[in-house]
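Engineer: Once you've had a glance at the structure underneath, I'll fire off some questions.
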Amino acid sequence: MTRPFRFIFAQALLLAVPLVSILPLLAQHPAAPNAQLASKELNARVNKLLRQMTLEEKIGQLVQFSAGFATGPTGSKQSYEELIEQGKIGSMLNLTTAEKTNQYQHIAIEKSRLHIPLIFGMDVIHGERTTFPVPLGLAASWDAKLVEGVARTSAVEARADGIAWVFSPMVDIARDARWGRIVESAGEDPYLGSAIARAWVRGYQQDDLGKPDSVAVSVKHFAAYGAAIAGRDYNATDMSDITLRQVYLPTYRAAVEAGAATLMSSFNSINGVPASANPYTLTQILRKEWGFDGFVVSDWGSVSELLNHAIGPDGSTVARKALVAGVDMDMEGNLYGTTIAAQVRSGAIPESVVDEATRRILRVKFALGLFEHPYTAVTPAYQPSAANRAQARAVAAETIVLLKNDPVEGVGSLLPLRGKGKVALIGPLADSAKDMLGSWAGQGDAKFAVSLRSALHERLGERLVYVPGCAILAGNDANVVRHVSFTGEGGTATQAEPLPDDDKTIAEAVETAKKADVAILALGESADWMTGEASSRANLDLPGRQEDLLQAVAATGKPVILVMFTGRPSTIKWAGAHVPAIVEAWFPGMEGGNAVADVLMGDVNPSAKLPASFPRSVGQEPLYYAQLPTGRPAHGDLTHLPTNPAEKFMSRYLDEENSALFPFGWGLSYTRFSYSQPAVTRPQVPLQELLASPSGYNQPAETVGVDVKNAGNVAGTEVVQLYIRNTSASVEQPVRELKGFERVTLQPGETKHVEFPLSFNELSFYNVESKPVVEPTTYKVWVGGSSLATAETSFEVK
């Protein structure tokens, strides 16, 4: 135990203070900063350079412009070459090749007074050239090593394009499927999300920014962007400080503790204060409490958009508020470069504020080795290697969730596909290689992507028959999507084939299904139009006429397998009741077609689990498993109107069940797993042991063990999940919370023992003073294959 902790314990004993009352004091420990950014040698170089810089040159480091394609509304018409030569730009984004980054870097190094290199950034979200599944799909793997490998490959490819800084990972907790950017998230849970966040940072940065194939991350969007009211993008967020700290901040903190070099501030306001001008989150929490040493960049134009938030009368005022609050770099806002110098000279902004922001940015540039190696060797144009494709295919297969696989009379389970009969492949996503890439596909090219039709045809040959069935969208919506390629506020017109007659194509699909032995329907969303940024939806049903297509094909009586290509949970209540086999494939990346075929044909046994709950109806949103308790809980899922007061006056809907159609953690396999009764190492845990480790708060005080058996006939991988409930807390706690998981691969009949350590980190919660505490209580514990786990035990903290 360190000396301060000994002192606190001694004082508590002398004063007869209950230990629980000092836990908040003990729990306030800043995270260890990135060791490279805290290096004395590095900071000496930073300060030496800073002393040579003029005020304008310092401010220049705080300015970022896009010289490539737009990823938001833009009005910047600056001469970048001239500004770089004058030292008035510190960063650029959206340049996509080494030739282009070198062009601007030569100006910065050879023509600017102090030869300070630019740092080039890019939205590398799920791959740079090799396109992997979308992040929500990657989270469905529940496999941190897999995510780390994706980040590693992405970093190598980004550096080859001259990109040393990626605007990734997005770690926003997303509990509302209406929000389009849920596709970029790890879903609804802070424990799973934190594990995934750490993996992204490790893979990108390798714990050493100085390696030539490492990139600096920009963890986004700080903070609580995923809690946009009504799931509408860019909207306000409003929540208690307890909810902010216990649900929405842990993923960012996990990334910071993993060594994240930068963060990106978000568009939203938090409890009335815009996140891009919020000293509470940007300075008090991020820097003072967590010890963050890197820099914060705004999201695209979010500094200038502070005018729309109405927190200042002019650009000078909102720029000052953003900078003083802790936003160090202005992305495409064009306010820092035009308003800050005058405010420093007038005394409105202390120059020390500019110095500190500049210092933070220079730290990262030095750590990345940009001063020593500013240029990127130009390499031949990307061609996916066999290793690229093998990784993309294996990763995608591990993200595919088997939602349902009920037996069909006379056939048994439809999956994996058996026999030699004819297969009808139907649906607007069946032959769309482009949609396999998903939104934010980086420099991914559809010419390298494999559609489901292509993959199944390679396996089935003439046994496969294909018809599109209908368009993704219908009517005027489809016409808009087909004729506009969105590149900013305006968009650019493109040529498009005439819209299909959905009535005619649905009838054709029905006739095709009648002639087949089984029908696979590939349905879902348009990847680049309906998911991602500015893609919120008020209706989560299958878009267009796809539901009509599904029901018409099912009405033929032929067995139906539904494969969903989406970027969010969907409302597929009819399918859940009437379709025997359902697969959620997300947008699975360049090898998506092959990966889905691998699962459908049984070459891969699915192991993925849902990172976000699937609602029965959109009116349930935001929907998540970790609900807080209510004084009038509904007992079971009532499916009828109340017939007596006992059924009426409870927390329920009159016209829908409370539960998810497919809950968090859900995912089936082609085998079966059984669980023993979980056991704890001891029924009672002394409270003080939760803090008895000098290394902090991850020293186990309790361990839960369980035996998991493969009770089926094929090898499979199970994601074993542990949930807890605090049954007696000073602040009410969720009815269940994920606090451990492990992937376990088992041969038929094999049993493995799995153990989960529980420490202060897993057992603590935030009290009314917004301090993390553990109190005397009883914890219920469940272990199983989803958030519906039933194998239960308990223990006390005394």
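Labeling convention for the structure tokens: chains A, B, ... as they appear, residues from 1 per chain, ligands from 1 in order of appearance.
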Using only C-alpha atoms, which protein or nucleic acid residues come within 12 Å of Arg360 (chain A)? Drop anything in the same chain fewer than 3 positions from it, and give the result as a count of residues only.

Structural biologist: 34

Engineer: Write out as a ChimeraX atom specification each polymer residue whose atoms come within 7 Å of Gly193 (chain A), counting only C-alpha atoms; drop sequence neighbours fewer than 4 positions from it.

Structural biologist: /A:171,186-187,189,197,251

Engineer: Report as a list in words: the residues of region 554-678 of chain A with a DSSP assignment of strand (DSSP E or B), based on the backbone of this structure.

Structural biologist: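 Strand (DSSP E or B) assignments inside region 554-678 of chain A correspond to Val560, Ile561, Leu562, Val563, Met564, Phe565, Ala581, Ile582, Val583, Glu584, Phe614, Pro633, Ser651, Phe662, Leu668, Phe673, Ser674 and Tyr675 of chain A.
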
Engineer: Convert the current residue selection to file output with all heavy atoms, as a short mmCIF file (atom, residue, chain, number, x, y, z; two decimals), in the first residue's frame.

Structural biologist:
data_model
loop_
_atom_site.label_atom_id
_atom_site.label_comp_id
_atom_site.auth_asym_id
_atom_site.auth_seq_id
_atom_site.Cartn_x
_atom_site.Cartn_y
_atom_site.Cartn_z
N VAL A 560 -37.62 -20.37 -45.33
CA VAL A 560 -37.00 -19.06 -45.56
C VAL A 560 -35.89 -18.82 -44.56
O VAL A 560 -36.06 -19.02 -43.34
CB VAL A 560 -38.05 -17.94 -45.48
CG1 VAL A 560 -37.37 -16.57 -45.52
CG2 VAL A 560 -39.04 -18.05 -46.62
N ILE A 561 -34.75 -18.36 -45.07
CA ILE A 561 -33.64 -17.89 -44.25
C ILE A 561 -33.49 -16.40 -44.51
O ILE A 561 -33.32 -15.98 -45.67
CB ILE A 561 -32.32 -18.62 -44.62
CG1 ILE A 561 -32.45 -20.11 -44.39
CG2 ILE A 561 -31.15 -18.04 -43.83
CD1 ILE A 561 -31.35 -20.93 -45.07
N LEU A 562 -33.58 -15.59 -43.48
CA LEU A 562 -33.44 -14.14 -43.61
C LEU A 562 -32.02 -13.73 -43.21
O LEU A 562 -31.58 -14.01 -42.09
CB LEU A 562 -34.45 -13.43 -42.72
CG LEU A 562 -34.32 -11.90 -42.61
CD1 LEU A 562 -34.44 -11.22 -43.96
CD2 LEU A 562 -35.37 -11.35 -41.64
N VAL A 563 -31.31 -13.09 -44.13
CA VAL A 563 -29.99 -12.54 -43.84
C VAL A 563 -30.11 -11.02 -43.86
O VAL A 563 -30.49 -10.44 -44.88
CB VAL A 563 -28.93 -13.00 -44.87
CG1 VAL A 563 -27.57 -12.39 -44.55
CG2 VAL A 563 -28.84 -14.52 -44.89
N MET A 564 -29.80 -10.39 -42.74
CA MET A 564 -29.94 -8.94 -42.58
C MET A 564 -28.60 -8.26 -42.78
O MET A 564 -27.60 -8.60 -42.12
CB MET A 564 -30.47 -8.62 -41.19
CG MET A 564 -31.83 -9.22 -40.87
SD MET A 564 -33.16 -8.26 -41.59
CE MET A 564 -33.01 -6.74 -40.67
N PHE A 565 -28.55 -7.27 -43.68
CA PHE A 565 -27.39 -6.41 -43.84
C PHE A 565 -27.79 -5.02 -43.37
O PHE A 565 -28.46 -4.27 -44.09
CB PHE A 565 -26.93 -6.38 -45.30
CG PHE A 565 -26.40 -7.69 -45.81
CD1 PHE A 565 -27.20 -8.52 -46.58
CD2 PHE A 565 -25.10 -8.09 -45.52
CE1 PHE A 565 -26.71 -9.73 -47.05
CE2 PHE A 565 -24.61 -9.30 -45.98
CZ PHE A 565 -25.42 -10.13 -46.74
N ALA A 581 -35.25 -19.05 -39.68
CA ALA A 581 -33.81 -18.81 -39.51
C ALA A 581 -33.50 -17.36 -39.85
O ALA A 581 -33.85 -16.88 -40.94
CB ALA A 581 -33.00 -19.75 -40.40
N ILE A 582 -32.83 -16.67 -38.94
CA ILE A 582 -32.49 -15.26 -39.13
C ILE A 582 -31.03 -15.05 -38.78
O ILE A 582 -30.56 -15.48 -37.71
CB ILE A 582 -33.37 -14.33 -38.27
CG1 ILE A 582 -34.86 -14.59 -38.53
CG2 ILE A 582 -33.04 -12.87 -38.53
CD1 ILE A 582 -35.79 -13.79 -37.62
N VAL A 583 -30.32 -14.38 -39.66
CA VAL A 583 -28.90 -14.08 -39.48
C VAL A 583 -28.70 -12.57 -39.58
O VAL A 583 -29.19 -11.95 -40.53
CB VAL A 583 -28.05 -14.79 -40.56
CG1 VAL A 583 -26.60 -14.34 -40.49
CG2 VAL A 583 -28.14 -16.30 -40.40
N GLU A 584 -28.00 -11.99 -38.63
CA GLU A 584 -27.61 -10.57 -38.70
C GLU A 584 -26.16 -10.52 -39.15
O GLU A 584 -25.25 -10.95 -38.43
CB GLU A 584 -27.76 -9.88 -37.35
CG GLU A 584 -27.27 -8.44 -37.32
CD GLU A 584 -27.94 -7.54 -38.34
OE1 GLU A 584 -29.15 -7.25 -38.20
OE2 GLU A 584 -27.24 -7.12 -39.29
N PHE A 614 -32.27 -5.69 -29.92
CA PHE A 614 -33.20 -5.52 -31.04
C PHE A 614 -34.60 -5.29 -30.45
O PHE A 614 -35.14 -6.16 -29.77
CB PHE A 614 -33.22 -6.77 -31.92
CG PHE A 614 -32.18 -6.78 -33.01
CD1 PHE A 614 -30.86 -6.50 -32.72
CD2 PHE A 614 -32.53 -7.06 -34.31
CE1 PHE A 614 -29.88 -6.52 -33.71
CE2 PHE A 614 -31.58 -7.08 -35.32
CZ PHE A 614 -30.25 -6.80 -35.02
N PRO A 633 -42.63 -2.78 -10.99
CA PRO A 633 -42.11 -3.57 -12.12
C PRO A 633 -43.20 -4.44 -12.73
O PRO A 633 -44.10 -4.92 -12.04
CB PRO A 633 -41.02 -4.41 -11.47
CG PRO A 633 -41.44 -4.54 -10.05
CD PRO A 633 -42.09 -3.24 -9.70
N SER A 651 -45.22 -0.71 -14.65
CA SER A 651 -44.39 -0.10 -15.69
C SER A 651 -44.39 -1.00 -16.93
O SER A 651 -43.60 -1.92 -17.05
CB SER A 651 -42.96 0.09 -15.17
OG SER A 651 -42.17 0.73 -16.14
N PHE A 662 -34.67 -9.55 -29.53
CA PHE A 662 -33.41 -10.26 -29.35
C PHE A 662 -32.55 -9.39 -28.43
O PHE A 662 -32.17 -8.28 -28.80
CB PHE A 662 -32.71 -10.49 -30.69
CG PHE A 662 -33.50 -11.34 -31.65
CD1 PHE A 662 -34.07 -10.77 -32.78
CD2 PHE A 662 -33.67 -12.69 -31.42
CE1 PHE A 662 -34.80 -11.55 -33.66
CE2 PHE A 662 -34.41 -13.48 -32.31
CZ PHE A 662 -34.98 -12.90 -33.43
N LEU A 668 -26.86 -17.37 -31.27
CA LEU A 668 -26.93 -18.82 -31.25
C LEU A 668 -25.73 -19.44 -31.96
O LEU A 668 -24.93 -18.75 -32.59
CB LEU A 668 -28.22 -19.29 -31.91
CG LEU A 668 -29.52 -18.74 -31.32
CD1 LEU A 668 -30.72 -19.23 -32.13
CD2 LEU A 668 -29.67 -19.13 -29.85
N PHE A 673 -24.64 -25.25 -25.67
CA PHE A 673 -23.76 -25.12 -24.51
C PHE A 673 -24.58 -25.20 -23.24
O PHE A 673 -25.69 -24.68 -23.16
CB PHE A 673 -23.01 -23.79 -24.55
CG PHE A 673 -22.12 -23.63 -25.76
CD1 PHE A 673 -22.56 -22.89 -26.85
CD2 PHE A 673 -20.88 -24.22 -25.82
CE1 PHE A 673 -21.77 -22.74 -27.97
CE2 PHE A 673 -20.08 -24.09 -26.94
CZ PHE A 673 -20.52 -23.34 -28.02
N SER A 674 -24.02 -25.88 -22.26
CA SER A 674 -24.68 -25.96 -20.95
C SER A 674 -23.76 -25.38 -19.88
O SER A 674 -22.53 -25.41 -20.02
CB SER A 674 -25.04 -27.40 -20.61
OG SER A 674 -23.88 -28.22 -20.53
N TYR A 675 -24.35 -24.88 -18.82
CA TYR A 675 -23.61 -24.21 -17.75
C TYR A 675 -23.88 -24.90 -16.42
O TYR A 675 -25.02 -25.29 -16.12
CB TYR A 675 -24.05 -22.75 -17.63
CG TYR A 675 -23.57 -21.86 -18.75
CD1 TYR A 675 -24.20 -21.86 -19.98
CD2 TYR A 675 -22.48 -21.01 -18.57
CE1 TYR A 675 -23.77 -21.04 -21.02
CE2 TYR A 675 -22.04 -20.18 -19.59
CZ TYR A 675 -22.68 -20.21 -20.81
OH TYR A 675 -22.24 -19.39 -21.83
#

Engineer: Using Å and a single decimal, report how far CA of Phe664 (chain A) sits from CA of His640 (chain A).

Structural biologist: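 It comes out at 24.6 Å.
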
Engineer: List as JSON lines every residue of region 530-630 of chain A that is in contact with region 390-395 of chain A, defined as an atom at most 12 Å from one of its atoms (using only C-alpha atoms), together with the nearest atom pair and the distance in Å rounded to one decimal, sorted by chain and then rising number.

Structural biologist:
{"residue": "A:Ala585", "atom": "CA", "partner": "A:Val395", "partner_atom": "CA", "distance": 11.8}
{"residue": "A:Pro588", "atom": "CA", "partner": "A:Val395", "partner_atom": "CA", "distance": 8.7}
{"residue": "A:Gly589", "atom": "CA", "partner": "A:Ala392", "partner_atom": "CA", "distance": 7.1}
{"residue": "A:Met590", "atom": "CA", "partner": "A:Ala392", "partner_atom": "CA", "distance": 6.9}
{"residue": "A:Glu591", "atom": "CA", "partner": "A:Arg393", "partner_atom": "CA", "distance": 4.9}
{"residue": "A:Gly592", "atom": "CA", "partner": "A:Arg393", "partner_atom": "CA", "distance": 6.7}
{"residue": "A:Gly593", "atom": "CA", "partner": "A:Arg393", "partner_atom": "CA", "distance": 8.7}
{"residue": "A:Asn594", "atom": "CA", "partner": "A:Arg393", "partner_atom": "CA", "distance": 6.7}
{"residue": "A:Ala595", "atom": "CA", "partner": "A:Arg393", "partner_atom": "CA", "distance": 5.4}
{"residue": "A:Val596", "atom": "CA", "partner": "A:Arg393", "partner_atom": "CA", "distance": 9.0}
{"residue": "A:Ala597", "atom": "CA", "partner": "A:Arg393", "partner_atom": "CA", "distance": 10.4}
{"residue": "A:Asp598", "atom": "CA", "partner": "A:Arg393", "partner_atom": "CA", "distance": 9.1}
{"residue": "A:Val599", "atom": "CA", "partner": "A:Ala394", "partner_atom": "CA", "distance": 10.8}
{"residue": "A:Asp603", "atom": "CA", "partner": "A:Ala394", "partner_atom": "CA", "distance": 11.2}
{"residue": "A:Val604", "atom": "CA", "partner": "A:Ala394", "partner_atom": "CA", "distance": 9.1}
{"residue": "A:Asn605", "atom": "CA", "partner": "A:Ala394", "partner_atom": "CA", "distance": 11.7}
{"residue": "A:Pro606", "atom": "CA", "partner": "A:Ala394", "partner_atom": "CA", "distance": 11.3}
{"residue": "A:Ser607", "atom": "CA", "partner": "A:Val395", "partner_atom": "CA", "distance": 11.5}
{"residue": "A:Ala608", "atom": "CA", "partner": "A:Val395", "partner_atom": "CA", "distance": 10.8}

Engineer: Do you know which residues are at most 10 Å from Asp143 (chain A) counting only C-alpha atoms, after dropping those on the same chain fewer than 3 positions away, and could you put them as an NGL selection string?

Structural biologist: :A and (138-140 or 146-148 or 192 or 195-196 or 199 or 395 or 398-399 or 608 or 719 or 741-743)

Engineer: Which residue, A:Ala715, A:Leu452, A:Leu55, A:Leu415, has the smallest gap to Gly602 (chain A) when you use only C-alpha atoms?

Structural biologist: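 Nearest to Gly602 (chain A): A:Leu415.
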
Engineer: DSSP on the backbone, helix (DSSP H, G or I) only: what residues of region 419-651 of chain A does that give? Format it as a ChimeraX atom specification.

Structural biologist: /A:433-437,446-448,452-463,475-483,502-514,527-530,546-554,573-578,592-600,618-620,645-648

Engineer: Produce a table with one row for each residue of region 146-231 of chain A that has an atom at most 12 Å from any atom of region 514-528 of chain A, each row naming the nearest atom pair and its distance in Å at one decimal; use only C-alpha atoms; arrange rows by chain and rising residue number; format as CSV.

Structural biologist:
residue,atom,partner,partner_atom,distance
A:Gly180,CA,A:Ala527,CA,10.5
A:Arg181,CA,A:Asp528,CA,11.5
A:Val183,CA,A:Ala527,CA,9.8
A:Glu184,CA,A:Ala527,CA,12.0

Engineer: Skip region 104-120 of chain A itself and residues of its chain fewer than 3 positions away, then list as a list of chain:residue names all residues within 7 Å of it, counting only C-alpha atoms.

Structural biologist: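 In the requested form, the answer reads A:Ile84, A:Glu85, A:Gln86, A:Gly87, A:Gly90, A:Ser91, A:Met92, A:Leu93, A:Lys100, A:Thr101, A:Ile163, A:Ala164, A:Trp165, A:Lys365, A:Leu370, A:Phe371, A:Pro374, A:Tyr375.
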
Engineer: Export, as a PDB file, in the first residue's frame, the selected residues with N, CA, C and O atoms.

Structural biologist:
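Output (again_34.pdb):
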ATOM      1  N   ILE A  84       0.316  27.396 -45.235  1.00  0.00           N
ATOM      2  CA  ILE A  84       1.303  26.447 -44.698  1.00  0.00           C
ATOM      3  C   ILE A  84       2.681  27.089 -44.675  1.00  0.00           C
ATOM      4  O   ILE A  84       3.433  26.977 -43.695  1.00  0.00           O
ATOM      5  N   GLU A  85       3.030  27.785 -45.731  1.00  0.00           N
ATOM      6  CA  GLU A  85       4.334  28.444 -45.795  1.00  0.00           C
ATOM      7  C   GLU A  85       4.488  29.476 -44.677  1.00  0.00           C
ATOM      8  O   GLU A  85       5.583  29.660 -44.137  1.00  0.00           O
ATOM      9  N   GLN A  86       3.387  30.106 -44.312  1.00  0.00           N
ATOM     10  CA  GLN A  86       3.414  31.111 -43.245  1.00  0.00           C
ATOM     11  C   GLN A  86       3.289  30.495 -41.853  1.00  0.00           C
ATOM     12  O   GLN A  86       3.299  31.222 -40.852  1.00  0.00           O
ATOM     13  N   GLY A  87       3.175  29.178 -41.776  1.00  0.00           N
ATOM     14  CA  GLY A  87       3.036  28.510 -40.485  1.00  0.00           C
ATOM     15  C   GLY A  87       1.668  28.680 -39.871  1.00  0.00           C
ATOM     16  O   GLY A  87       1.521  28.622 -38.647  1.00  0.00           O
ATOM     17  N   GLY A  90      -1.646  23.762 -38.991  1.00  0.00           N
ATOM     18  CA  GLY A  90      -0.917  22.703 -38.287  1.00  0.00           C
ATOM     19  C   GLY A  90      -1.302  21.313 -38.704  1.00  0.00           C
ATOM     20  O   GLY A  90      -0.568  20.352 -38.452  1.00  0.00           O
ATOM     21  N   SER A  91      -2.470  21.191 -39.362  1.00  0.00           N
ATOM     22  CA  SER A  91      -2.964  19.857 -39.699  1.00  0.00           C
ATOM     23  C   SER A  91      -3.882  19.941 -40.909  1.00  0.00           C
ATOM     24  O   SER A  91      -4.519  20.965 -41.163  1.00  0.00           O
ATOM     25  N   MET A  92      -3.938  18.844 -41.638  1.00  0.00           N
ATOM     26  CA  MET A  92      -4.876  18.710 -42.752  1.00  0.00           C
ATOM     27  C   MET A  92      -5.520  17.328 -42.674  1.00  0.00           C
ATOM     28  O   MET A  92      -4.949  16.399 -42.104  1.00  0.00           O
ATOM     29  N   LEU A  93      -6.710  17.231 -43.260  1.00  0.00           N
ATOM     30  CA  LEU A  93      -7.410  15.954 -43.275  1.00  0.00           C
ATOM     31  C   LEU A  93      -7.949  15.670 -44.665  1.00  0.00           C
ATOM     32  O   LEU A  93      -8.032  16.550 -45.526  1.00  0.00           O
ATOM     33  N   LYS A 100      -0.105  13.021 -52.199  1.00  0.00           N
ATOM     34  CA  LYS A 100      -0.796  14.252 -51.805  1.00  0.00           C
ATOM     35  C   LYS A 100      -0.297  14.773 -50.456  1.00  0.00           C
ATOM     36  O   LYS A 100      -0.101  15.979 -50.281  1.00  0.00           O
ATOM     37  N   THR A 101      -0.091  13.870 -49.498  1.00  0.00           N
ATOM     38  CA  THR A 101       0.413  14.347 -48.206  1.00  0.00           C
ATOM     39  C   THR A 101       1.835  14.875 -48.339  1.00  0.00           C
ATOM     40  O   THR A 101       2.189  15.902 -47.737  1.00  0.00           O
ATOM     41  N   ILE A 163      -0.954   8.941 -43.672  1.00  0.00           N
ATOM     42  CA  ILE A 163      -1.844   9.306 -42.566  1.00  0.00           C
ATOM     43  C   ILE A 163      -1.243   8.802 -41.260  1.00  0.00           C
ATOM     44  O   ILE A 163      -1.080   7.596 -41.075  1.00  0.00           O
ATOM     45  N   ALA A 164      -0.912   9.738 -40.363  1.00  0.00           N
ATOM     46  CA  ALA A 164      -0.340   9.366 -39.064  1.00  0.00           C
ATOM     47  C   ALA A 164      -1.344   9.502 -37.928  1.00  0.00           C
ATOM     48  O   ALA A 164      -1.002   9.259 -36.769  1.00  0.00           O
ATOM     49  N   TRP A 165      -2.575   9.886 -38.271  1.00  0.00           N
ATOM     50  CA  TRP A 165      -3.559  10.207 -37.242  1.00  0.00           C
ATOM     51  C   TRP A 165      -4.932   9.782 -37.744  1.00  0.00           C
ATOM     52  O   TRP A 165      -5.356  10.220 -38.819  1.00  0.00           O
ATOM     53  N   LYS A 365       3.066  15.366 -32.277  1.00  0.00           N
ATOM     54  CA  LYS A 365       3.895  15.366 -33.494  1.00  0.00           C
ATOM     55  C   LYS A 365       5.298  14.831 -33.200  1.00  0.00           C
ATOM     56  O   LYS A 365       5.849  14.048 -33.997  1.00  0.00           O
ATOM     57  N   LEU A 370       7.355  12.717 -36.477  1.00  0.00           N
ATOM     58  CA  LEU A 370       7.143  13.471 -37.706  1.00  0.00           C
ATOM     59  C   LEU A 370       8.276  14.452 -37.992  1.00  0.00           C
ATOM     60  O   LEU A 370       8.519  14.782 -39.160  1.00  0.00           O
ATOM     61  N   PHE A 371       8.958  14.920 -36.967  1.00  0.00           N
ATOM     62  CA  PHE A 371      10.073  15.834 -37.196  1.00  0.00           C
ATOM     63  C   PHE A 371      11.245  15.101 -37.858  1.00  0.00           C
ATOM     64  O   PHE A 371      11.941  15.666 -38.692  1.00  0.00           O
ATOM     65  N   PRO A 374       9.190  13.119 -41.830  1.00  0.00           N
ATOM     66  CA  PRO A 374       7.953  13.816 -42.213  1.00  0.00           C
ATOM     67  C   PRO A 374       7.276  13.261 -43.453  1.00  0.00           C
ATOM     68  O   PRO A 374       6.078  13.469 -43.647  1.00  0.00           O
ATOM     69  N   TYR A 375       8.024  12.554 -44.298  1.00  0.00           N
ATOM     70  CA  TYR A 375       7.481  12.131 -45.585  1.00  0.00           C
ATOM     71  C   TYR A 375       7.153  10.634 -45.583  1.00  0.00           C
ATOM     72  O   TYR A 375       7.642   9.863 -44.745  1.00  0.00           O
TER      73      TYR A 375
END

Engineer: Can you list, as a ChimeraX atom specification, every protein, DNA or RNA residue that comes within 12 Å of Leu286 (chain A) when you count only C-alpha atoms, leaving out same-chain residues fewer than 3 positions away?

Structural biologist: /A:30-31,33,222-223,245,249-250,252-257,260,262-265,278-283,289-296,325-327

Engineer: With only C-alpha atoms as the basis for distance, which of A:Ile349, A:Leu550, A:Tyr191, A:Lys321 is at the shortest distance from Tyr723 (chain A)?

Structural biologist: A:Tyr191

Engineer: If you measure from CA of Glu792 (chain A) to CA of Val754 (chain A), what distance in Å do you get, rounded to one decimal?

Structural biologist: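 These two atoms are separated by 14.7 Å.
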
Engineer: Name the closest residue to Ala230 (chain A) among the candidates A:Glu775, A:Glu621, A:Glu188, A:Glu372; distances are taken between atoms, counting only C-alpha atoms.

Structural biologist: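 Between A:Glu775, A:Glu621, A:Glu188, A:Glu372, the residue approaching Ala230 (chain A) most closely is A:Glu621.
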
Engineer: I'd like to know which of A:Leu654, A:Leu456, A:Ile242, A:Val783 is closest to Glu732 (chain A), using only C-alpha atoms.

Structural biologist: A:Ile242
